[in-house]
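Colleague: Can you keep this structure in mind? I'll have questions shortly.
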Amino acid sequence: MKKIFALLLAFVMIFSFAACGKEEPQNENPKNEVLENDGELIDIEPNEEEEPKQTKEEIYEEMLLNFGAKKDGGKIRVNKTVSLYNMTDGFEDGTKLDENDYFCWAMFYFKREYDYEKQRELFTGAGENNGWAYPSEYYEPAIYKYFGVPKEVLRGGELYNAENDYYHIGAGGGVGISPAVIVNSIDETDENVVFHITIDSETEGFENYNMALTVKLLPDGGYNYVSYLPE
């Protein structure tokens, strides 16, 4: 009887080991786990979170702001004095503006990009009392990015100082009103976005006017300002 009981106990132990051998390990790969792949060790890095993409509304707002405006109290307002929004006559071709207009836009752009102390450090090459002087390495890429104008065209104007390699215009001009930019409607295609806007002075004695700002969408995700015409 004892022999039979011992034999049964042996069989039970054998089946128990067999069952344990068949148990598969859990496939839980912790972050940064090192695995073997064809004899080589590789690191499994955690997926980096992608930066949130801009919504269409955010991109459209950026287009309006970069043309020469700022946000103020929830409204988009024309930047005072140096803004292409103040060109009530507008333009038909953004690559053929007067060089003074490009310079005025650049004054707005660099004022927004840099604080006053940094502007003084970078852009007073002509002397602090002689207005801003923008080195070509700053000026030309900015104009090309938003208007598609190559440096060869810009350097053909009177504002380019070849000896010092900067763009300069004398100081002057006052501070005007800052009207609101009111978007009435937006037309969009695969190639262009057209903003139908009202420039609302909100000031007695100043007329409001309606304009159409056309922005060309570029394959690389950027954009150019194509035209700005009265409606």
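To be explicit about the labels: the chains of the structure tokens are called A, B, and onward in the order shown, and within each one the residues are counted from 1, while ligands get numbers from 1 in the order they are shown.
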Extract, using only C-alpha atoms, all DNA, RNA and protein residues at most 9 Å from A:Asp165, discarding same-chain residues fewer than 6 positions from it, and format them as a PyMOL selection string.
Modeller: chain A and resi 134-137
Colleague: Convert the current residue selection to file output with C-alpha atoms, as a tab-separated table (two decimals), in the first residue's frame.
Modeller:
chain	number	residue	atom	x	y	z
A	134	TYR	CA	18.62	95.84	-39.55
A	135	PRO	CA	21.54	93.59	-40.53
A	136	SER	CA	20.85	91.59	-43.68
A	137	GLU	CA	21.08	88.30	-41.76
Colleague: Any idea what the distance is between atom CA of A:Gly73 and atom CA of A:Thr214?
Modeller: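 Separation between atom CA of A:Gly73 and atom CA of A:Thr214: 25.7 Å.
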Colleague: May I ask for the distance between atom CA of A:Tyr85 and atom CA of A:Gly131, given in Å to one decimal place?
Modeller: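 Computing the Euclidean distance for atom CA of A:Tyr85 and atom CA of A:Gly131 yields 21.8 Å.
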Colleague: So which one's closest to A:Phe108, A:Tyr144, A:Gly68, A:Phe195, A:Glu231? Using only C-alpha atoms, please.
Modeller: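 When distances to A:Phe108 are compared using only C-alpha atoms, the smallest one comes from A:Gly68.
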